[in-house]
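Undergrad: Quick one: structure below, then a few questions.
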Amino acid sequence: MAQSVTIIGAGIIGAMAAWECARAGWDVTVIADPGAQRASDGSLVWLNASTVTDPVYADLRGQSLTLWHRIKTQVPDCPVEFPGTLLATGDGFGADQAPVVTPPQAADLAPGLAQPDTMYFVKDEGRADPQAMMDWVQGQLAQSGVAQVNAAVVKIAPGCVTLADGTERRCHKIVVAAGNGSGPLLAQAGYELPVIAKPGVVFWTNPVPPLAQPVVMTPELDLWQRADGRVLVASSLAKSTQDDARLEAARVLQVLGETFPGQSFQIERTVQRDRPVPADGFPLVGPVPGLEGVFCAVTHSGMTLAPIIAQTVLALLENRPHTMAEFALDRAIQTPKE
Ligand SMILES: Cc1cc2nc3c(=O)[nH]c(=O)nc-3n(C[C@H](O)[C@H](O)[C@H](O)COP(=O)(O)OP(=O)(O)OC[C@H]3O[C@@H](n4cnc5c(N)ncnc54)[C@H](O)[C@@H]3O)c2cc1C
């Protein structure tokens, strides 16, 4: 009989891990609280490695990008595309990582962009529509026979998860991939998981003429343009209130106007979500110390990192070596004292 794993969370991390495990023959159940926020729905989905300076972390992100390319080759209906990234950040950024582009090359890649003196182009980086991405991965789970339960998990213990209605579900292994819900779940078991919920927002503009093929990173904004002409712009908020989002929308509109002179932008849609961000900025992926058979996977940049984290989760379940040993949880949490 196949070994069973319960994965808590159906954001990009839980869903991609579930897909990986199901394809490897595990009996997989995903349990997700329909009332909990899902950061994955509000992501810019820029798949990147070029903006990271820590070499080990940059390498990890590069490995994950390679896996996204492989997924796209194997499953062509995956909505990821790889138009690269134009770093329109001016001097002093990106010089080590990417070739400088000339103004005519930049105009080709991003007509209409007000060009700083120096720009860099990083090929092979990707992006995807957030909704299309989550629908696609959901489809993969359905095809792979993953069981899905809509419920809040309130307690975890080795081999058993307890749902809000008191139901206990037994399984061989458990993976906590609940984004910002992971901390409260582990707190119930006595752990203090250092994850901070950082408010973020993606604005969708009105359709405008073709402005940029690649993802564009400026000193103030990260953005990309959909085929229908709408521009998605990601930003951070001090607080996740509607007032803060409105203020930020006004700033974004002003900066967009300066970034693409002569265009007229409006905000059509605002999607606010909290990013789950480990306190030291690096992924927290590994066994929960002291809880036999229980693993955790929480990270920022989860869209970029989902494939490598999914591979790592499977390796952890099967007790095989993996590439994320430096990102284990025991750097941040210990077994609670009795
Ligand atoms: C504005 C914004 C822009 C971003 N841009 C990018 C980007 O360009 N590139 C990039 O790589 N990353 C980006 N990110 C980060 C990325 O989106 C996140 O790292 C990723 O979505 C996290 O996925 P997750 O599966 O860990 O969590 P989530 O997507 O938050 O999913 C959590 C899941 O856990 C479930 N859950 C929670 N608590 C419980 C419970 N007690 N019981 C059962 N289920 C529970 C929820 O229902 C949900 O299904 C961005 C994030 C934001 C907010």
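Letters A, B, ... mark the chains of the structure tokens in the order given; residue numbers begin at 1 per chain; ligand numbers begin at 1, in order shown.
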Write out as a PDB file with N, CA and C atoms, in the first residue's frame the residues lying within 12 Å of A:Gly179, counting only C-alpha atoms and excluding same-chain residues fewer than 6 positions away.
TA:
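Okay, this is what ended up in around.pdb:
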ATOM      1  N   ILE A   7      -0.990  17.066   3.242  1.00  0.00           N
ATOM      2  CA  ILE A   7      -0.353  18.365   3.036  1.00  0.00           C
ATOM      3  C   ILE A   7      -1.356  19.432   3.440  1.00  0.00           C
ATOM      4  N   ILE A   8      -0.953  20.285   4.377  1.00  0.00           N
ATOM      5  CA  ILE A   8      -1.851  21.339   4.865  1.00  0.00           C
ATOM      6  C   ILE A   8      -1.533  22.616   4.098  1.00  0.00           C
ATOM      7  N   GLY A   9      -2.486  23.043   3.248  1.00  0.00           N
ATOM      8  CA  GLY A   9      -2.291  24.250   2.437  1.00  0.00           C
ATOM      9  C   GLY A   9      -2.379  23.943   0.960  1.00  0.00           C
ATOM     10  N   ALA A  10      -3.158  24.755   0.239  1.00  0.00           N
ATOM     11  CA  ALA A  10      -3.326  24.586  -1.209  1.00  0.00           C
ATOM     12  C   ALA A  10      -2.922  25.851  -1.946  1.00  0.00           C
ATOM     13  N   GLY A  11      -1.924  26.574  -1.398  1.00  0.00           N
ATOM     14  CA  GLY A  11      -1.281  27.627  -2.175  1.00  0.00           C
ATOM     15  C   GLY A  11      -0.279  26.966  -3.108  1.00  0.00           C
ATOM     16  N   ILE A  12       0.576  27.768  -3.717  1.00  0.00           N
ATOM     17  CA  ILE A  12       1.504  27.207  -4.703  1.00  0.00           C
ATOM     18  C   ILE A  12       2.443  26.178  -4.069  1.00  0.00           C
ATOM     19  N   ILE A  13       2.831  26.389  -2.800  1.00  0.00           N
ATOM     20  CA  ILE A  13       3.792  25.471  -2.172  1.00  0.00           C
ATOM     21  C   ILE A  13       3.126  24.122  -1.890  1.00  0.00           C
ATOM     22  N   GLY A  14       1.972  24.143  -1.226  1.00  0.00           N
ATOM     23  CA  GLY A  14       1.294  22.889  -0.915  1.00  0.00           C
ATOM     24  C   GLY A  14       0.868  22.164  -2.184  1.00  0.00           C
ATOM     25  N   ALA A  15       0.343  22.910  -3.152  1.00  0.00           N
ATOM     26  CA  ALA A  15      -0.177  22.276  -4.370  1.00  0.00           C
ATOM     27  C   ALA A  15       0.955  21.653  -5.199  1.00  0.00           C
ATOM     28  N   ALA A  32      -7.122  22.257   2.977  1.00  0.00           N
ATOM     29  CA  ALA A  32      -6.949  23.712   2.948  1.00  0.00           C
ATOM     30  C   ALA A  32      -8.174  24.392   3.522  1.00  0.00           C
ATOM     31  N   ASP A  33      -7.905  25.415   4.305  1.00  0.00           N
ATOM     32  CA  ASP A  33      -8.984  26.189   4.934  1.00  0.00           C
ATOM     33  C   ASP A  33      -9.503  27.212   3.927  1.00  0.00           C
ATOM     34  N   ALA A  36      -9.089  30.852   4.951  1.00  0.00           N
ATOM     35  CA  ALA A  36      -7.771  31.465   5.177  1.00  0.00           C
ATOM     36  C   ALA A  36      -7.297  32.178   3.916  1.00  0.00           C
ATOM     37  N   GLN A  37      -6.514  33.222   4.118  1.00  0.00           N
ATOM     38  CA  GLN A  37      -5.996  33.966   2.969  1.00  0.00           C
ATOM     39  C   GLN A  37      -4.996  33.106   2.194  1.00  0.00           C
ATOM     40  N   ARG A  38      -5.005  33.246   0.853  1.00  0.00           N
ATOM     41  CA  ARG A  38      -4.035  32.516   0.036  1.00  0.00           C
ATOM     42  C   ARG A  38      -3.192  33.539  -0.716  1.00  0.00           C
ATOM     43  N   ALA A  39      -1.949  33.725  -0.270  1.00  0.00           N
ATOM     44  CA  ALA A  39      -1.068  34.726  -0.888  1.00  0.00           C
ATOM     45  C   ALA A  39      -0.897  34.462  -2.383  1.00  0.00           C
ATOM     46  N   SER A  40      -0.915  33.181  -2.749  1.00  0.00           N
ATOM     47  CA  SER A  40      -0.636  32.804  -4.140  1.00  0.00           C
ATOM     48  C   SER A  40      -1.598  33.483  -5.128  1.00  0.00           C
ATOM     49  N   LEU A 185      -0.377  27.234  13.437  1.00  0.00           N
ATOM     50  CA  LEU A 185      -0.516  25.782  13.575  1.00  0.00           C
ATOM     51  C   LEU A 185       0.621  25.194  14.408  1.00  0.00           C
ATOM     52  N   LEU A 186       1.839  25.656  14.134  1.00  0.00           N
ATOM     53  CA  LEU A 186       2.976  25.130  14.895  1.00  0.00           C
ATOM     54  C   LEU A 186       2.979  25.684  16.319  1.00  0.00           C
ATOM     55  N   LEU A 193       7.337  29.791  15.133  1.00  0.00           N
ATOM     56  CA  LEU A 193       7.911  29.836  13.778  1.00  0.00           C
ATOM     57  C   LEU A 193       8.102  31.301  13.384  1.00  0.00           C
ATOM     58  N   PRO A 194       9.337  31.707  13.081  1.00  0.00           N
ATOM     59  CA  PRO A 194       9.559  33.135  12.788  1.00  0.00           C
ATOM     60  C   PRO A 194       9.159  33.499  11.362  1.00  0.00           C
ATOM     61  N   VAL A 195       7.860  33.668  11.156  1.00  0.00           N
ATOM     62  CA  VAL A 195       7.340  34.067   9.841  1.00  0.00           C
ATOM     63  C   VAL A 195       6.524  35.345  10.022  1.00  0.00           C
ATOM     64  N   ILE A 196       6.812  36.330   9.198  1.00  0.00           N
ATOM     65  CA  ILE A 196       6.127  37.624   9.312  1.00  0.00           C
ATOM     66  C   ILE A 196       5.178  37.783   8.120  1.00  0.00           C
ATOM     67  N   ALA A 197       3.948  38.185   8.397  1.00  0.00           N
ATOM     68  CA  ALA A 197       2.986  38.450   7.308  1.00  0.00           C
ATOM     69  C   ALA A 197       3.199  39.889   6.833  1.00  0.00           C
ATOM     70  N   LYS A 198       3.761  40.047   5.629  1.00  0.00           N
ATOM     71  CA  LYS A 198       4.058  41.393   5.121  1.00  0.00           C
ATOM     72  C   LYS A 198       3.026  41.791   4.062  1.00  0.00           C
ATOM     73  N   ARG A 273      -2.784  40.950  -0.541  1.00  0.00           N
ATOM     74  CA  ARG A 273      -2.495  39.713   0.189  1.00  0.00           C
ATOM     75  C   ARG A 273      -1.275  39.942   1.075  1.00  0.00           C
ATOM     76  N   ASP A 274      -1.147  39.132   2.125  1.00  0.00           N
ATOM     77  CA  ASP A 274       0.041  39.203   2.979  1.00  0.00           C
ATOM     78  C   ASP A 274       1.066  38.170   2.525  1.00  0.00           C
ATOM     79  N   ARG A 275       2.275  38.621   2.271  1.00  0.00           N
ATOM     80  CA  ARG A 275       3.348  37.687   1.918  1.00  0.00           C
ATOM     81  C   ARG A 275       3.801  36.944   3.176  1.00  0.00           C
ATOM     82  N   PRO A 276       3.918  35.614   3.142  1.00  0.00           N
ATOM     83  CA  PRO A 276       4.550  34.923   4.275  1.00  0.00           C
ATOM     84  C   PRO A 276       6.072  35.035   4.131  1.00  0.00           C
ATOM     85  N   VAL A 277       6.720  35.743   5.041  1.00  0.00           N
ATOM     86  CA  VAL A 277       8.162  35.987   4.890  1.00  0.00           C
ATOM     87  C   VAL A 277       8.914  35.497   6.131  1.00  0.00           C
ATOM     88  N   PRO A 278       9.748  34.463   6.006  1.00  0.00           N
ATOM     89  CA  PRO A 278      10.582  34.056   7.143  1.00  0.00           C
ATOM     90  C   PRO A 278      11.432  35.230   7.631  1.00  0.00           C
ATOM     91  N   PRO A 283      14.055  30.642   2.850  1.00  0.00           N
ATOM     92  CA  PRO A 283      13.030  29.608   3.019  1.00  0.00           C
ATOM     93  C   PRO A 283      13.227  28.806   4.306  1.00  0.00           C
ATOM     94  N   LEU A 284      12.112  28.366   4.860  1.00  0.00           N
ATOM     95  CA  LEU A 284      12.121  27.457   6.018  1.00  0.00           C
ATOM     96  C   LEU A 284      11.535  26.146   5.514  1.00  0.00           C
ATOM     97  N   VAL A 285      12.385  25.183   5.206  1.00  0.00           N
ATOM     98  CA  VAL A 285      11.915  23.925   4.607  1.00  0.00           C
ATOM     99  C   VAL A 285      12.657  22.764   5.262  1.00  0.00           C
ATOM    100  N   CYS A 296       7.778  21.064   7.337  1.00  0.00           N
ATOM    101  CA  CYS A 296       7.205  22.385   7.127  1.00  0.00           C
ATOM    102  C   CYS A 296       7.871  23.019   5.906  1.00  0.00           C
ATOM    103  N   ALA A 297       7.125  23.797   5.154  1.00  0.00           N
ATOM    104  CA  ALA A 297       7.675  24.492   3.976  1.00  0.00           C
ATOM    105  C   ALA A 297       7.006  25.860   3.876  1.00  0.00           C
ATOM    106  N   VAL A 298       7.737  26.889   4.294  1.00  0.00           N
ATOM    107  CA  VAL A 298       7.222  28.264   4.238  1.00  0.00           C
ATOM    108  C   VAL A 298       8.311  29.150   3.649  1.00  0.00           C
ATOM    109  N   THR A 299       7.911  30.036   2.749  1.00  0.00           N
ATOM    110  CA  THR A 299       8.913  30.885   2.115  1.00  0.00           C
ATOM    111  C   THR A 299       8.283  32.142   1.526  1.00  0.00           C
ATOM    112  N   HIS A 300       9.128  33.149   1.318  1.00  0.00           N
ATOM    113  CA  HIS A 300       8.745  34.203   0.387  1.00  0.00           C
ATOM    114  C   HIS A 300       9.184  33.735  -1.011  1.00  0.00           C
ATOM    115  N   SER A 301       8.782  34.476  -2.051  1.00  0.00           N
ATOM    116  CA  SER A 301       9.126  34.101  -3.429  1.00  0.00           C
ATOM    117  C   SER A 301       8.717  32.664  -3.728  1.00  0.00           C
ATOM    118  N   GLY A 302       7.584  32.289  -3.166  1.00  0.00           N
ATOM    119  CA  GLY A 302       7.130  30.914  -3.318  1.00  0.00           C
ATOM    120  C   GLY A 302       6.801  30.537  -4.748  1.00  0.00           C
TER     121      GLY A 302
END
Undergrad: Would you kindly return, as a list in words, each protein, DNA or RNA residue with an atom no farther than 8 Å from any atom of A:Trp224, considering only C-alpha atoms and excluding same-chain residues fewer than 3 positions away?
TA: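 Contacts, with the query itself left out: Ala212, Gln213, Pro214, Val215, Val216, Val231, Leu232 and Val233 of chain A.
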Undergrad: May I have the residues within 8 Å of A:Trp19 as JSON, numbers by chain, using only C-alpha atoms and disregarding those fewer than 4 positions away in the same chain?
TA: {"A": [15, 23, 137, 140, 141, 144, 146]}
Undergrad: Quick one, how far is atom CA of A:Phe282 from atom 31 (O, counted along the ligand's line) of ligand 1?
TA: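 We find that atom CA of A:Phe282 and atom 31 (O, counted along the ligand's line) of ligand 1 lie 17.2 Å from each other.
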Undergrad: With distances taken over only C-alpha atoms, which of A:Val45, A:Ala114, A:Leu86, A:Ala151 is nearest to A:Phe260?
TA: A:Ala114
Undergrad: Return the single residue from A:Asp135, A:Pro209, A:Leu221, A:Gly145 that is closest to A:Gly262, with distances computed using only C-alpha atoms.
TA: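 Counting only C-alpha atoms, the residue closest to A:Gly262 is A:Pro209.
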Undergrad: Which of stretch 34-167 of chain A counts as strand (DSSP E or B) under DSSP, as a JSON list (two decimals) with N, CA, C and O atoms, in the first residue's frame please?
TA:
[["chain", "number", "residue", "atom", "x", "y", "z"],
["A", 46, "TRP", "N", 6.39, 36.65, -10.79],
["A", 46, "TRP", "CA", 7.65, 36.88, -11.51],
["A", 46, "TRP", "C", 8.63, 35.80, -11.02],
["A", 46, "TRP", "O", 8.90, 35.74, -9.81],
["A", 47, "LEU", "N", 9.09, 34.97, -11.91],
["A", 47, "LEU", "CA", 9.96, 33.85, -11.55],
["A", 47, "LEU", "C", 11.39, 34.30, -11.81],
["A", 47, "LEU", "O", 11.80, 34.45, -12.97],
["A", 81, "GLU", "N", 5.48, 31.69, -18.82],
["A", 81, "GLU", "CA", 6.23, 32.11, -20.02],
["A", 81, "GLU", "C", 7.56, 32.69, -19.58],
["A", 81, "GLU", "O", 7.68, 33.15, -18.44],
["A", 85, "THR", "N", 13.85, 39.29, -17.94],
["A", 85, "THR", "CA", 13.64, 40.48, -17.11],
["A", 85, "THR", "C", 14.53, 41.61, -17.60],
["A", 85, "THR", "O", 15.73, 41.41, -17.84],
["A", 86, "LEU", "N", 13.93, 42.79, -17.75],
["A", 86, "LEU", "CA", 14.70, 44.00, -18.05],
["A", 86, "LEU", "C", 14.89, 44.75, -16.73],
["A", 86, "LEU", "O", 13.91, 45.19, -16.12],
["A", 87, "LEU", "N", 16.15, 44.84, -16.31],
["A", 87, "LEU", "CA", 16.46, 45.56, -15.07],
["A", 87, "LEU", "C", 16.73, 47.01, -15.45],
["A", 87, "LEU", "O", 17.82, 47.36, -15.89],
["A", 100, "VAL", "N", 24.60, 44.17, -20.19],
["A", 100, "VAL", "CA", 24.02, 45.50, -20.39],
["A", 100, "VAL", "C", 23.33, 45.50, -21.75],
["A", 100, "VAL", "O", 23.82, 44.89, -22.70],
["A", 120, "TYR", "N", 19.97, 46.28, -17.86],
["A", 120, "TYR", "CA", 20.48, 44.91, -18.01],
["A", 120, "TYR", "C", 19.32, 44.01, -18.41],
["A", 120, "TYR", "O", 18.18, 44.24, -17.99],
["A", 121, "PHE", "N", 19.65, 42.97, -19.20],
["A", 121, "PHE", "CA", 18.60, 42.02, -19.58],
["A", 121, "PHE", "C", 18.98, 40.63, -19.10],
["A", 121, "PHE", "O", 20.07, 40.14, -19.40],
["A", 122, "VAL", "N", 18.09, 40.01, -18.35],
["A", 122, "VAL", "CA", 18.32, 38.65, -17.85],
["A", 122, "VAL", "C", 17.39, 37.73, -18.60],
["A", 122, "VAL", "O", 16.16, 37.81, -18.44],
["A", 126, "GLY", "N", 10.91, 34.24, -15.77],
["A", 126, "GLY", "CA", 9.54, 33.99, -16.22],
["A", 126, "GLY", "C", 8.48, 34.79, -15.49],
["A", 126, "GLY", "O", 8.76, 35.58, -14.59],
["A", 127, "ARG", "N", 7.25, 34.54, -15.92],
["A", 127, "ARG", "CA", 6.08, 35.15, -15.29],
["A", 127, "ARG", "C", 4.85, 34.36, -15.70],
["A", 127, "ARG", "O", 4.87, 33.60, -16.68],
["A", 147, "ALA", "N", -6.48, 13.74, -3.21],
["A", 147, "ALA", "CA", -7.73, 14.02, -2.49],
["A", 147, "ALA", "C", -7.65, 15.41, -1.89],
["A", 147, "ALA", "O", -6.60, 15.82, -1.39],
["A", 148, "GLN", "N", -8.77, 16.15, -1.98],
["A", 148, "GLN", "CA", -8.74, 17.51, -1.44],
["A", 148, "GLN", "C", -9.89, 17.71, -0.45],
["A", 148, "GLN", "O", -11.03, 17.34, -0.73],
["A", 149, "VAL", "N", -9.55, 18.29, 0.69],
["A", 149, "VAL", "CA", -10.53, 18.51, 1.76],
["A", 149, "VAL", "C", -10.53, 19.99, 2.08],
["A", 149, "VAL", "O", -9.47, 20.59, 2.31],
["A", 150, "ASN", "N", -11.71, 20.60, 2.08],
["A", 150, "ASN", "CA", -11.83, 22.01, 2.46],
["A", 150, "ASN", "C", -12.14, 22.07, 3.95],
["A", 150, "ASN", "O", -13.28, 21.83, 4.36],
["A", 153, "VAL", "N", -7.33, 23.07, 9.61],
["A", 153, "VAL", "CA", -6.65, 22.17, 10.55],
["A", 153, "VAL", "C", -6.37, 22.97, 11.82],
["A", 153, "VAL", "O", -5.91, 24.12, 11.74],
["A", 154, "VAL", "N", -6.67, 22.38, 12.96],
["A", 154, "VAL", "CA", -6.45, 23.12, 14.21],
["A", 154, "VAL", "C", -5.34, 22.50, 15.06],
["A", 154, "VAL", "O", -4.84, 23.13, 15.99],
["A", 155, "LYS", "N", -4.95, 21.27, 14.73],
["A", 155, "LYS", "CA", -3.93, 20.62, 15.57],
["A", 155, "LYS", "C", -3.15, 19.61, 14.73],
["A", 155, "LYS", "O", -3.74, 18.90, 13.90],
["A", 156, "ILE", "N", -1.84, 19.56, 14.97],
["A", 156, "ILE", "CA", -1.03, 18.52, 14.32],
["A", 156, "ILE", "C", -0.26, 17.75, 15.38],
["A", 156, "ILE", "O", 0.18, 18.32, 16.38],
["A", 157, "ALA", "N", -0.13, 16.47, 15.13],
["A", 157, "ALA", "CA", 0.70, 15.60, 15.99],
["A", 157, "ALA", "C", 1.24, 14.52, 15.06],
["A", 157, "ALA", "O", 0.68, 14.32, 13.98],
["A", 160, "CYS", "N", -1.16, 12.40, 12.77],
["A", 160, "CYS", "CA", -2.57, 12.77, 12.95],
["A", 160, "CYS", "C", -2.79, 14.28, 12.83],
["A", 160, "CYS", "O", -2.05, 15.06, 13.43],
["A", 161, "VAL", "N", -3.78, 14.66, 12.03],
["A", 161, "VAL", "CA", -4.18, 16.08, 12.01],
["A", 161, "VAL", "C", -5.63, 16.16, 12.49],
["A", 161, "VAL", "O", -6.44, 15.28, 12.19],
["A", 162, "THR", "N", -5.92, 17.22, 13.22],
["A", 162, "THR", "CA", -7.28, 17.41, 13.75],
["A", 162, "THR", "C", -7.91, 18.60, 13.05],
["A", 162, "THR", "O", -7.30, 19.68, 12.98],
["A", 163, "LEU", "N", -9.12, 18.40, 12.53],
["A", 163, "LEU", "CA", -9.83, 19.46, 11.83],
["A", 163, "LEU", "C", -10.67, 20.28, 12.82],
["A", 163, "LEU", "O", -10.89, 19.85, 13.96]]
